[in-house]
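Each remark here refers to the structure printed beneath this line.
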Amino acid sequence: MGLPPEQVFKTLVARGDKHGVRLAVVPGNCELDPKALARATGDKKIDTVPLKEVEPLTGYVRGGVTALACKKAYPVYLDETAQLFDVISVSAGMRGLQVLLAPEDYIRVVDARVVPIAKDKD
């Protein structure tokens, strides 16, 4: 795509102990900080769902998950770094297929909450 990894966002499926399934959207060069996401969602604990649950929950295979047309309108939490860019890349619903859009448009379309939920990979 010719974009740096921090501008290409991946969508992860997570489940909290109190509020259920959420979509967490973080930069490609980072990983999800489960504690930060739990704080943002009001859960005590939150983890990504097992791979076998991703498709039944979202309708998408791993690598193709998108909040743009998910099987169900799960709450979306977008890492705050997305707002540093004029354009971000997110999955378009198929593995390897991306869509470029302004962060503000993505936030509006998926009704995302912008929060600090990413951390550097170990």
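To be explicit about the labels: the chains of the structure tokens are called A, B, and onward in the order shown, and within each one the residues are counted from 1, while ligands get numbers from 1 in the order they are shown.
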Q: Taking the chain letters and numbering used in this document, name the residues of range 44-116 of chain A that DSSP puts in strand (DSSP E), as JSON, numbers by chain.
A: {"A": [46, 47, 48, 76, 77, 78, 79, 88, 89, 90, 91, 98, 99, 100, 101, 113, 114, 115]}
Give me, as CSV, each residue of range 63-120 of chain A that comes within 12 Å of range 37-45 of chain A, together with its shortest interatomic pair and the distance in Å at one decimal, counting only C-alpha atoms, with rows ordered by chain and rising residue number.
```
residue,atom,partner,partner_atom,distance
A:Pro75,CA,A:Thr41,CA,9.2
A:Val76,CA,A:Thr41,CA,10.0
A:Tyr77,CA,A:Leu37,CA,7.9
A:Leu78,CA,A:Leu37,CA,9.9
A:Asp79,CA,A:Leu37,CA,9.5
A:Glu80,CA,A:Leu37,CA,11.9
A:Ala112,CA,A:Ala40,CA,11.9
A:Arg113,CA,A:Ala40,CA,8.8
A:Val114,CA,A:Ala40,CA,9.4
A:Val115,CA,A:Ala40,CA,7.0
A:Pro116,CA,A:Leu37,CA,7.9
A:Ile117,CA,A:Leu37,CA,5.5
A:Ala118,CA,A:Leu37,CA,8.7
A:Lys119,CA,A:Leu37,CA,11.0
```
Q: Taking the chain letters and numbering used in this document, name the residues of range 9-75 of chain A that DSSP puts in helix (DSSP H, G or I), as a ChimeraX atom specification.
A: /A:34-41,51-58
Store the residues picked out above in a file with all heavy atoms, as a compact mmCIF listing (two decimals), in the first residue's frame.
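Everything below was put into part-v7.txt:
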```txt
# COMPACT_ATOMS: atom_id res chain seq x y z
N PRO A 34 -4.82 -4.73 26.36
CA PRO A 34 -6.11 -5.16 26.92
C PRO A 34 -6.53 -4.37 28.15
O PRO A 34 -7.72 -4.10 28.33
CB PRO A 34 -5.89 -6.63 27.28
CG PRO A 34 -4.70 -7.06 26.49
CD PRO A 34 -3.86 -5.84 26.30
N LYS A 35 -5.58 -3.97 28.98
CA LYS A 35 -5.93 -3.19 30.18
C LYS A 35 -6.48 -1.83 29.79
O LYS A 35 -7.45 -1.35 30.38
CB LYS A 35 -4.72 -3.05 31.09
CG LYS A 35 -4.33 -4.35 31.77
CD LYS A 35 -3.14 -4.16 32.68
CE LYS A 35 -2.76 -5.50 33.30
NZ LYS A 35 -1.63 -5.38 34.20
N ALA A 36 -5.89 -1.20 28.79
CA ALA A 36 -6.37 0.11 28.34
C ALA A 36 -7.76 -0.02 27.72
O ALA A 36 -8.63 0.82 27.96
CB ALA A 36 -5.39 0.71 27.34
N LEU A 37 -7.98 -1.08 26.95
CA LEU A 37 -9.30 -1.29 26.36
C LEU A 37 -10.34 -1.57 27.44
O LEU A 37 -11.45 -1.04 27.40
CB LEU A 37 -9.28 -2.43 25.34
CG LEU A 37 -10.60 -2.71 24.63
CD1 LEU A 37 -11.11 -1.48 23.88
CD2 LEU A 37 -10.45 -3.90 23.68
N ALA A 38 -9.97 -2.35 28.45
CA ALA A 38 -10.90 -2.64 29.55
C ALA A 38 -11.29 -1.35 30.27
O ALA A 38 -12.46 -1.14 30.60
CB ALA A 38 -10.28 -3.64 30.53
N ARG A 39 -10.32 -0.48 30.50
CA ARG A 39 -10.64 0.81 31.13
C ARG A 39 -11.61 1.61 30.28
O ARG A 39 -12.55 2.23 30.78
CB ARG A 39 -9.36 1.63 31.36
CG ARG A 39 -8.55 1.18 32.56
CD ARG A 39 -7.44 2.18 32.89
NE ARG A 39 -6.48 2.37 31.81
CZ ARG A 39 -5.40 1.61 31.60
NH1 ARG A 39 -5.14 0.59 32.40
NH2 ARG A 39 -4.59 1.87 30.60
N ALA A 40 -11.40 1.60 28.97
CA ALA A 40 -12.25 2.37 28.06
C ALA A 40 -13.67 1.80 27.96
O ALA A 40 -14.63 2.54 27.76
CB ALA A 40 -11.62 2.41 26.67
N THR A 41 -13.80 0.48 28.12
CA THR A 41 -15.11 -0.16 27.95
C THR A 41 -15.88 -0.32 29.26
O THR A 41 -17.05 -0.64 29.25
CB THR A 41 -14.96 -1.56 27.33
OG1 THR A 41 -14.21 -2.40 28.21
CG2 THR A 41 -14.30 -1.51 25.96
N LEU A 51 -9.52 -17.44 17.74
CA LEU A 51 -9.62 -17.36 16.29
C LEU A 51 -10.87 -18.06 15.75
O LEU A 51 -11.53 -17.55 14.84
CB LEU A 51 -8.36 -17.94 15.65
CG LEU A 51 -8.28 -17.86 14.13
CD1 LEU A 51 -8.44 -16.41 13.65
CD2 LEU A 51 -6.97 -18.43 13.65
N LYS A 52 -11.24 -19.19 16.34
CA LYS A 52 -12.40 -19.94 15.85
C LYS A 52 -13.72 -19.18 16.02
O LYS A 52 -14.70 -19.49 15.38
CB LYS A 52 -12.48 -21.31 16.52
CG LYS A 52 -12.76 -21.26 18.00
CD LYS A 52 -12.77 -22.64 18.62
CE LYS A 52 -13.04 -22.51 20.12
NZ LYS A 52 -13.01 -23.78 20.79
N GLU A 53 -13.72 -18.15 16.87
CA GLU A 53 -14.94 -17.36 17.10
C GLU A 53 -15.03 -16.12 16.22
O GLU A 53 -16.10 -15.51 16.11
CB GLU A 53 -15.02 -16.93 18.57
CG GLU A 53 -15.22 -18.07 19.54
CD GLU A 53 -15.34 -17.59 20.97
OE1 GLU A 53 -15.94 -16.52 21.20
OE2 GLU A 53 -14.81 -18.28 21.86
N VAL A 54 -13.93 -15.73 15.59
CA VAL A 54 -13.91 -14.49 14.82
C VAL A 54 -14.94 -14.50 13.69
O VAL A 54 -15.75 -13.58 13.57
CB VAL A 54 -12.49 -14.19 14.27
CG1 VAL A 54 -12.51 -13.05 13.27
CG2 VAL A 54 -11.55 -13.88 15.42
N GLU A 55 -14.93 -15.52 12.85
CA GLU A 55 -15.86 -15.55 11.71
C GLU A 55 -17.32 -15.67 12.15
O GLU A 55 -18.17 -14.92 11.64
CB GLU A 55 -15.49 -16.65 10.73
CG GLU A 55 -16.30 -16.56 9.45
CD GLU A 55 -15.83 -17.50 8.37
OE1 GLU A 55 -14.87 -18.27 8.60
OE2 GLU A 55 -16.44 -17.48 7.29
N PRO A 56 -17.67 -16.55 13.10
CA PRO A 56 -19.08 -16.60 13.53
C PRO A 56 -19.58 -15.27 14.11
O PRO A 56 -20.73 -14.90 13.92
CB PRO A 56 -19.10 -17.69 14.59
CG PRO A 56 -17.93 -18.56 14.29
CD PRO A 56 -16.89 -17.63 13.71
N LEU A 57 -18.70 -14.55 14.80
CA LEU A 57 -19.11 -13.28 15.41
C LEU A 57 -19.22 -12.14 14.41
O LEU A 57 -20.10 -11.29 14.52
CB LEU A 57 -18.12 -12.87 16.51
CG LEU A 57 -18.19 -13.67 17.81
CD1 LEU A 57 -17.00 -13.32 18.71
CD2 LEU A 57 -19.49 -13.42 18.54
N THR A 58 -18.30 -12.11 13.44
CA THR A 58 -18.21 -10.94 12.55
C THR A 58 -18.63 -11.20 11.11
O THR A 58 -18.97 -10.26 10.40
CB THR A 58 -16.76 -10.42 12.51
OG1 THR A 58 -15.92 -11.41 11.89
CG2 THR A 58 -16.25 -10.07 13.90
```
Q: Mind checking which residues fall within 7 Å of Thr48 in chain A, counting only C-alpha atoms, ignoring those fewer than 6 positions away in the same chain, and posting them as a ChimeraX atom specification?
A: /A:12-15
Could you write those residues out with N, CA and C atoms, as a CSV table (one decimal), in the first residue's frame?
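To be explicit, this is the file written out as part_1.csv:
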```
chain,number,residue,atom,x,y,z
A,12,LEU,N,-9.3,-5.9,15.6
A,12,LEU,CA,-9.3,-7.1,16.5
A,12,LEU,C,-10.7,-7.2,17.2
A,13,VAL,N,-11.0,-8.5,17.4
A,13,VAL,CA,-12.3,-8.8,18.1
A,13,VAL,C,-11.9,-9.1,19.5
A,14,ALA,N,-12.5,-8.4,20.4
A,14,ALA,CA,-12.3,-8.6,21.9
A,14,ALA,C,-13.6,-8.8,22.6
A,15,ARG,N,-13.5,-9.5,23.8
A,15,ARG,CA,-14.7,-9.7,24.6
A,15,ARG,C,-14.3,-9.3,26.1
```
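The protein and nucleic acid residues lying at most 9 Å from range 97-101 of chain A are Met1, Val8, Gly64, Asp86, Val87, Ile88, Ser89, Val90, Ser91, Ala92, Gly93, Met94, Glu104, Asp105 and Tyr106 of chain A, with only C-alpha atoms considered and sequence neighbours fewer than 3 positions away removed.
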Export of the given selection (C-alpha atoms) as an mmCIF file, in the first residue's frame:
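Listed below is the output, part_29.cif:
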```cif
data_model
loop_
_atom_site.group_PDB
_atom_site.id
_atom_site.type_symbol
_atom_site.label_atom_id
_atom_site.label_comp_id
_atom_site.auth_asym_id
_atom_site.auth_seq_id
_atom_site.Cartn_x
_atom_site.Cartn_y
_atom_site.Cartn_z
ATOM 1 C CA MET A 1 0.000 0.000 0.000
ATOM 2 C CA VAL A 8 -2.415 0.799 8.460
ATOM 3 C CA GLY A 64 -10.425 -9.343 6.870
ATOM 4 C CA ASP A 86 -5.012 12.679 7.022
ATOM 5 C CA VAL A 87 -5.740 9.152 5.743
ATOM 6 C CA ILE A 88 -5.704 5.729 7.381
ATOM 7 C CA SER A 89 -5.999 2.261 5.932
ATOM 8 C CA VAL A 90 -8.467 -0.287 7.363
ATOM 9 C CA SER A 91 -9.620 -3.678 6.172
ATOM 10 C CA ALA A 92 -12.266 -3.661 3.461
ATOM 11 C CA GLY A 93 -13.687 -7.036 4.481
ATOM 12 C CA MET A 94 -11.317 -9.428 2.713
ATOM 13 C CA GLU A 104 -12.939 11.442 10.911
ATOM 14 C CA ASP A 105 -15.007 9.654 8.249
ATOM 15 C CA TYR A 106 -14.209 6.259 9.754
#
```
Q: Determine the nearest neighbour of Phe9 in chain A from the options A:Cys70, A:Pro50, A:Pro103, A:Val21, counting only C-alpha atoms.
A: A:Pro103
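Using only C-alpha atoms for every distance, the candidate list A:Val65, A:Ile46, A:Ala73, A:Ala102 yields A:Ile46 as the residue closest to His19 in chain A.
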Q) In Å to one decimal, how far is CA of Asp122 in chain A from CA of Cys30 in chain A? A) 9.0 Å
Q.
When you count only C-alpha atoms, which of these residues is closest to Ala24 in chain A: A:Leu3, A:Val109, A:Ala67, A:Val61?
A.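 Ranked by minimum distance to Ala24 in chain A, first place goes to A:Ala67.
Taking CA of Val25 in chain A as the reference point, CA of Lys10 in chain A is found at 5.5 Å.
Distances to Arg62 in chain A were evaluated for A:Val49, A:Leu84, A:Ile107, A:Val26 using only C-alpha atoms, and the minimum falls at A:Val49.
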